[in-house]
Amino acid sequence: MMKYFVNGFCRINNRKVTVNDILIYEDHQSSFYDFLLKIYPLGEIYPKYYKMDNLSKAGVIASELLLQNENPNQKYKPEDIAVVLSNHSSSLDTDLRYQKSTEKIPSPALFVYTLPNIVIGEICIRNKFKGENAFFIHEAFNPEYMVKYVDLLLQNNQTEACLSGWVEVLGENHDVFLYLVEKKKSDYSFNHSMEDLLKKYNNY
Amino acid sequence: MEQLMQTLKVQIIEALNLRHLKPEDIKDDEPLFVEGVGLDSIDALELIVLLQQHYGVKVEDPSQGPQIFRSVKSMAEYIENNKKPQSA
Amino acid sequence: MKSKAYAAGLGVISAIGKDLAENLEALKNHQAGIGPITLFESIHKNKLPVGEVKVTNEKLASSLKLPTTLTRTALLGIHAVKEAIQSSGIPELRKWRCGIISGTTVGGMDKSEQYYETFMRNEDSAPLHQIKNHECGKITELIASHFQIQDFISTINTACSSSANSIMLGSKLIANDQLDIVIAGGTDALTRFTLNGFNSLMILDSEPCRPFDETRKGLNLGEGAGYIVLVSEKVLEQEKVRPLAIVSGYANTNDAFHQTASSPEGRGSFSAMKSALEMANLMPTDIDYINLHGTGTQNNDSSEGIAVERLFGENVPKASSTKSFTGHTLGASGGIEAVYSIASIQSKVVYPNLRFNHQMSEIKFAPLKSFQKGVEVNHVMSNSFGFGGNCSSLTFSSC
């Protein structure tokens with residue numbers, strides 16, 4: 001099996017935002033909704049952001065921060081960029097809100113987000129990624145599984161780069177770890193391995 | 001009708017999460033879809049919900065959408081022409 | 001990629017039958033399973049037709065000797081997996097590295113939405129067993145545990161392409177020698193949550209759906225389960241199993257256009273179909289039949305139709321949407337339709353697209369109107385396009 005590289009990551013955990021080992025923002029006062037807005041006012045340049053549910057917002061913000069240093073779109077064809085994500089609670093945060101709306105009139109805008117893979121859709125729409133996607137549900141962040149899956153994608157030459165990781169949001173609880181995997185090293189880089197991913201995940 | 005349009009603008013911004021806009025940013029006759037405010041098909045469905053929830057007006061056929069929701073003015077006109085008398 | 005995966009067993013339960021034989025009989029007789037809602041109370045009861053599996057939870061449970069608390073989604077899944085394993089003729093799965101990959105969108109929500117109602121009226125009276133199997137992953141675990149599959153258990157939820165993606169992942173794992181046998185497919189039960197949600201998007205037809213018809217008004221929701229037993233060449237040889245088909249190609253792409261609508265030209269679907277053909281080393285003219293995603297919505301059928309014509313040009317093969325029989329079974333659709341696709345190769349048949357009467361203005365080709373037998377079917381393409389822009393296309397070939 002070939003070895004690949006993680007050329008950037010964004011970790012949003014415990015109201016702290018870390019990009020490539022640097023803490024860039026921290027806020028323990030605001031609600032999670034406001035916290036996301038303050039990290040990066042994406043809505044000002046991309047109004048579609050405001051319509052997203054919290055899971056999609058978290059995923060899209062993390063991808064914005066991760067990709068501002070290194071966007072694979074500059075190097076590869078859209079069909080060669082994959083997105084493979086995972087979480088524990090699926091779309092439960094929005095499922096609950098949608099269910100509440102059915103007490104009066106079911107909200108179509110909420111229903112649209114009652115699937116965990118819509119966050120992948122939003123990331124792809126924003127960045128024009130058109131490669132393969134998959135969304136897995138695991139008990140906890142499972143780097144052993146994710147590394148194997150993404151390595152296979154890259155190895156079989158169906159993909160040149162992959163945005164991968166864990167995007168978990170439920171109420172105020174959040175646990176996001178998004179990273180970019182490529183075949184060659186970049187300025188910021190570490191091995192795409194279970195051990196190295198776990199280190200970053202646990203450190204921040 | 002003026003008051004209705006003002007109220008509608010506030011309601012639209014809230015229902016569609018248009019946080020980047022204030023009511024005064026939306027002109028009465030400005031296209032809501034594609035150009036202008038730039039709403040999409042899911043927004044259209046939420047506007048159908050808005051009409052039902054706040055004004056008791058039902059839109060059965062989604063293909064009527066483009067005419068009804070062309071602008072805040074056309075929405076107000078549709079409401080005026082179709083709203084049921086308020087029940088006690 | 002070292003080798004490919006073979007389909008050795010098939011299992012299905014849907015609105016048109018409890019097993020593959022019943023499903024094929026209904027397809028042959030143009031007998032759709034779409035009708036009024038009977039499974040639960042709903043304000044849409046006599047307004048929105050659905051494709052219900054015509055078996056109650058009690059009957060499903062008792063035939064499997066399992067409790068009804070397992071959830072309808074799990075019971076349907078176990079029922080279909082049982083048929084798939086039996087039909088494969090492999091006596092002992094556990095001898096091999098065996099996994100299960102199941103797609104579902106609903107999970108155990110059929111039970112938890114009942115719990116929610118009771119809970120809202122009186123917190124203490126709601127029975128907790130109704131929510132213990134809520135999670136999508138739990139359904140797969142229940143199925144795995146029933147058949148004692150332990151080596152690899154995974155759940156995919158990518159909306160309507162979930163079970164197609166399960167088959168894709170299963171095939172990849174076998175091809176890369178990570179597993180020897182994979183039970184891949186999906187299961188979904190009808191729920192109020194889904195019915196109300198799709199209704200809010202105004203894409204449901206109040207009549208039985210008319211996929212690929214110019215006057216189509218939307219989809220009908222359905223439920224069911226469909227699974228394939230995928231095996232490696234080594235398993236084929238050692239177990240002396242006759243393969244039903246080879247999974248010759250697959251691809252997944254993102255349309256990157258909208259959360260729920262497809263781009264008008266069907267860019268994502270075109271890309272997925274083209275890449276699946278490339279992987280299978282097939283030309284468009286090699287495909288004998290396409291099982292279309294064909295939900296019956298204005299948007300899907302138009303986008304898919306345009307994409308198919310762009311790829312196949314003047315030579316669009318026989319094509320149909322079996323959702324005209326079963327309704328749209330969401331997370332199970334890729335699995336159910338893969339079973340139909342492989343059965344098409346085995347039985348040399350192609351299926352009709354019911355209630356098609358008016359040519360779509362955007363395209364030149366028309367779907368099949370009648371069931372046909374004695375057809376040489378060597379290569380079948382099966383499409384599954386999900387919300388979130390997730391487009392999957394699978395090709396199955398005779399071997």
# chains A, B, ... in the order shown; residues from 1 in each chain; ligands from 1

call {"tool": "interface_residues", "arguments": {"of": "chain C", "to": "chain B", "cutoff": "10 Å", "atoms": "only C-alpha atoms", "output": "ChimeraX atom specification"}}
result
/C:200-203,258-261

call {"tool": "interface_residues", "arguments": {"of": "chain A", "to": "chain C", "cutoff": "8 Å", "atoms": "only C-alpha atoms", "output": "NGL selection string"}}
result
:A and (79 or 99 or 102 or 106-108 or 111-112 or 115-122 or 124-126 or 128-138 or 156)

call {"tool": "residues_around", "arguments": {"residues": "Ala74 in chain C", "least_positions_apart": "3", "cutoff": "9 Å", "atoms": "only C-alpha atoms", "output": "compact mmCIF listing (two decimals) with C-alpha atoms, in the first residue's frame"}}
result
# COMPACT_ATOMS: atom_id res chain seq x y z
CA LEU C 70 -36.50 -4.79 16.10
CA THR C 71 -38.10 -2.09 13.85
CA GLY C 77 -33.43 -6.15 5.99
CA ILE C 78 -33.06 -9.47 7.78
CA HIS C 79 -35.76 -11.00 5.58
CA GLY C 107 -33.04 3.53 10.44
CA GLY C 108 -35.39 2.68 13.29
CA ASN C 133 -32.90 0.68 17.71
CA LYS C 138 -27.94 -0.08 14.83
CA ILE C 139 -30.07 -1.57 12.04
CA THR C 140 -26.96 -2.92 10.31
CA LEU C 142 -28.97 -6.08 14.20
CA ILE C 143 -28.77 -7.69 10.77
CA THR C 187 -33.31 -1.35 3.65
CA ASP C 188 -35.85 1.38 4.44
CA ALA C 189 -39.36 1.38 5.94

call {"tool": "residues_around", "arguments": {"residues": "Gln67 in chain B", "least_positions_apart": "4", "cutoff": "12 Å", "atoms": "only C-alpha atoms", "output": "PyMOL selection string"}}
result
chain B and resi 31-33+44+59+61-63+71-78

call {"tool": "write_last_selection", "arguments": {"atoms": "C-alpha atoms", "output": "PDB file, in the first residue's frame"}}
result
ATOM      1  CA  PRO B  31     -37.346  39.960  -8.719  1.00  0.00           C
ATOM      2  CA  LEU B  32     -37.049  37.511  -5.826  1.00  0.00           C
ATOM      3  CA  PHE B  33     -35.813  34.545  -7.848  1.00  0.00           C
ATOM      4  CA  ALA B  44     -40.048  28.929  -2.937  1.00  0.00           C
ATOM      5  CA  VAL B  59     -50.795  27.184  -2.950  1.00  0.00           C
ATOM      6  CA  ASP B  61     -49.809  23.793  -7.516  1.00  0.00           C
ATOM      7  CA  PRO B  62     -46.066  24.571  -7.213  1.00  0.00           C
ATOM      8  CA  SER B  63     -45.927  25.582 -10.885  1.00  0.00           C
ATOM      9  CA  SER B  71     -41.740  39.943  -6.190  1.00  0.00           C
ATOM     10  CA  VAL B  72     -42.943  41.110  -2.778  1.00  0.00           C
ATOM     11  CA  LYS B  73     -45.622  43.144  -4.593  1.00  0.00           C
ATOM     12  CA  SER B  74     -46.979  40.113  -6.480  1.00  0.00           C
ATOM     13  CA  MET B  75     -46.998  38.124  -3.219  1.00  0.00           C
ATOM     14  CA  ALA B  76     -48.970  40.868  -1.485  1.00  0.00           C
ATOM     15  CA  GLU B  77     -51.446  41.008  -4.372  1.00  0.00           C
ATOM     16  CA  TYR B  78     -51.927  37.239  -4.241  1.00  0.00           C
TER      17      TYR B  78
END

call {"tool": "closest_atom_pairs", "arguments": {"of": "chain A", "to": "chain B", "cutoff": "12 Å", "atoms": "only C-alpha atoms", "output": "CSV"}}
result
residue,atom,partner,partner_atom,distance
A:Leu37,CA,B:Arg19,CA,11.1
A:Pro41,CA,B:His20,CA,10.6
A:Leu42,CA,B:His20,CA,10.7
A:Gly43,CA,B:His20,CA,7.2
A:Glu44,CA,B:His20,CA,6.7
A:Ile45,CA,B:His20,CA,9.6
A:Tyr46,CA,B:His20,CA,9.7
A:Pro47,CA,B:His20,CA,6.9
A:Lys48,CA,B:Leu18,CA,8.7
A:Tyr49,CA,B:Asn17,CA,9.3
A:Tyr50,CA,B:Asn17,CA,5.8
A:Lys51,CA,B:Asn17,CA,5.7
A:Met52,CA,B:Asn17,CA,9.0
A:Asp53,CA,B:Asn17,CA,10.6
A:Ser101,CA,B:Val49,CA,11.0
A:Thr102,CA,B:Val49,CA,11.6
A:Lys104,CA,B:Gln53,CA,8.3
A:Ile105,CA,B:Val49,CA,7.0
A:Pro106,CA,B:Val49,CA,8.3
A:Ser107,CA,B:Glu46,CA,6.7
A:Pro108,CA,B:Glu46,CA,6.3
A:Ala109,CA,B:Ile42,CA,6.0
A:Leu110,CA,B:Glu46,CA,9.5
A:Phe111,CA,B:Ile42,CA,10.0
A:Val112,CA,B:Ile42,CA,8.3
A:Tyr113,CA,B:Ile42,CA,11.3

call {"tool": "write_last_selection", "arguments": {"atoms": "C-alpha atoms", "output": "PDB file, in the first residue's frame"}}
result
ATOM      1  CA  LEU A  37     -20.389  33.055  12.388  1.00  0.00           C
ATOM      2  CA  PRO A  41     -18.136  35.490   8.281  1.00  0.00           C
ATOM      3  CA  LEU A  42     -18.625  33.350   5.190  1.00  0.00           C
ATOM      4  CA  GLY A  43     -22.207  34.561   4.805  1.00  0.00           C
ATOM      5  CA  GLU A  44     -20.979  37.973   3.757  1.00  0.00           C
ATOM      6  CA  ILE A  45     -19.447  36.587   0.568  1.00  0.00           C
ATOM      7  CA  TYR A  46     -21.608  33.476   0.191  1.00  0.00           C
ATOM      8  CA  PRO A  47     -25.197  34.158   1.374  1.00  0.00           C
ATOM      9  CA  LYS A  48     -26.190  30.514   0.805  1.00  0.00           C
ATOM     10  CA  TYR A  49     -24.298  29.851   4.050  1.00  0.00           C
ATOM     11  CA  TYR A  50     -27.158  31.271   6.107  1.00  0.00           C
ATOM     12  CA  LYS A  51     -29.603  28.669   4.840  1.00  0.00           C
ATOM     13  CA  MET A  52     -27.469  25.708   5.892  1.00  0.00           C
ATOM     14  CA  ASP A  53     -28.102  23.697   9.010  1.00  0.00           C
ATOM     15  CA  SER A 101     -41.677  21.859  12.631  1.00  0.00           C
ATOM     16  CA  THR A 102     -44.062  19.028  11.738  1.00  0.00           C
ATOM     17  CA  LYS A 104     -47.279  23.030  12.735  1.00  0.00           C
ATOM     18  CA  ILE A 105     -46.225  22.719   9.088  1.00  0.00           C
ATOM     19  CA  PRO A 106     -43.270  20.547   7.990  1.00  0.00           C
ATOM     20  CA  SER A 107     -40.473  22.843   6.846  1.00  0.00           C
ATOM     21  CA  PRO A 108     -39.011  21.951   3.444  1.00  0.00           C
ATOM     22  CA  ALA A 109     -35.843  23.948   4.149  1.00  0.00           C
ATOM     23  CA  LEU A 110     -35.214  21.834   7.266  1.00  0.00           C
ATOM     24  CA  PHE A 111     -36.196  18.536   5.637  1.00  0.00           C
ATOM     25  CA  VAL A 112     -33.519  19.057   2.977  1.00  0.00           C
ATOM     26  CA  TYR A 113     -30.869  18.791   5.713  1.00  0.00           C
TER      27      TYR A 113
END

call {"tool": "select_by_dssp", "arguments": {"residues": "range 3-219 of chain C", "states": "alpha helix (DSSP H)", "output": "VMD selection string"}}
result
chain C and resid 20 to 28 57 to 64 72 to 88 109 to 121 136 to 146 162 to 175 192 to 200

call {"tool": "closest_residue", "arguments": {"among": "A:His88, A:Lys148, A:Lys183, A:His192", "to": "Leu55 in chain A", "atoms": "only C-alpha atoms"}}
result
A:His88

call {"tool": "atom_distance", "arguments": {"atom1": "CA of Asp80 in chain A", "atom2": "CA of Val176 in chain A"}}
result
23.9 Å

call {"tool": "atom_distance", "arguments": {"atom1": "CA of Phe270 in chain C", "atom2": "CA of Ile306 in chain C"}}
result
8.6 Å

call {"tool": "closest_residue", "arguments": {"among": "A:Lys3, A:Lys100, A:Lys38, A:Lys200", "to": "Thr18 in chain A", "atoms": "only C-alpha atoms"}}
result
A:Lys200

call {"tool": "atom_distance", "arguments": {"atom1": "CA of Asp175 in chain A", "atom2": "CA of Ile81 in chain A"}}
result
23.8 Å

call {"tool": "closest_residue", "arguments": {"among": "A:Leu66, A:Tyr33, A:Ile61, A:Ser56", "to": "Tyr188 in chain A", "atoms": "only C-alpha atoms"}}
result
A:Leu66
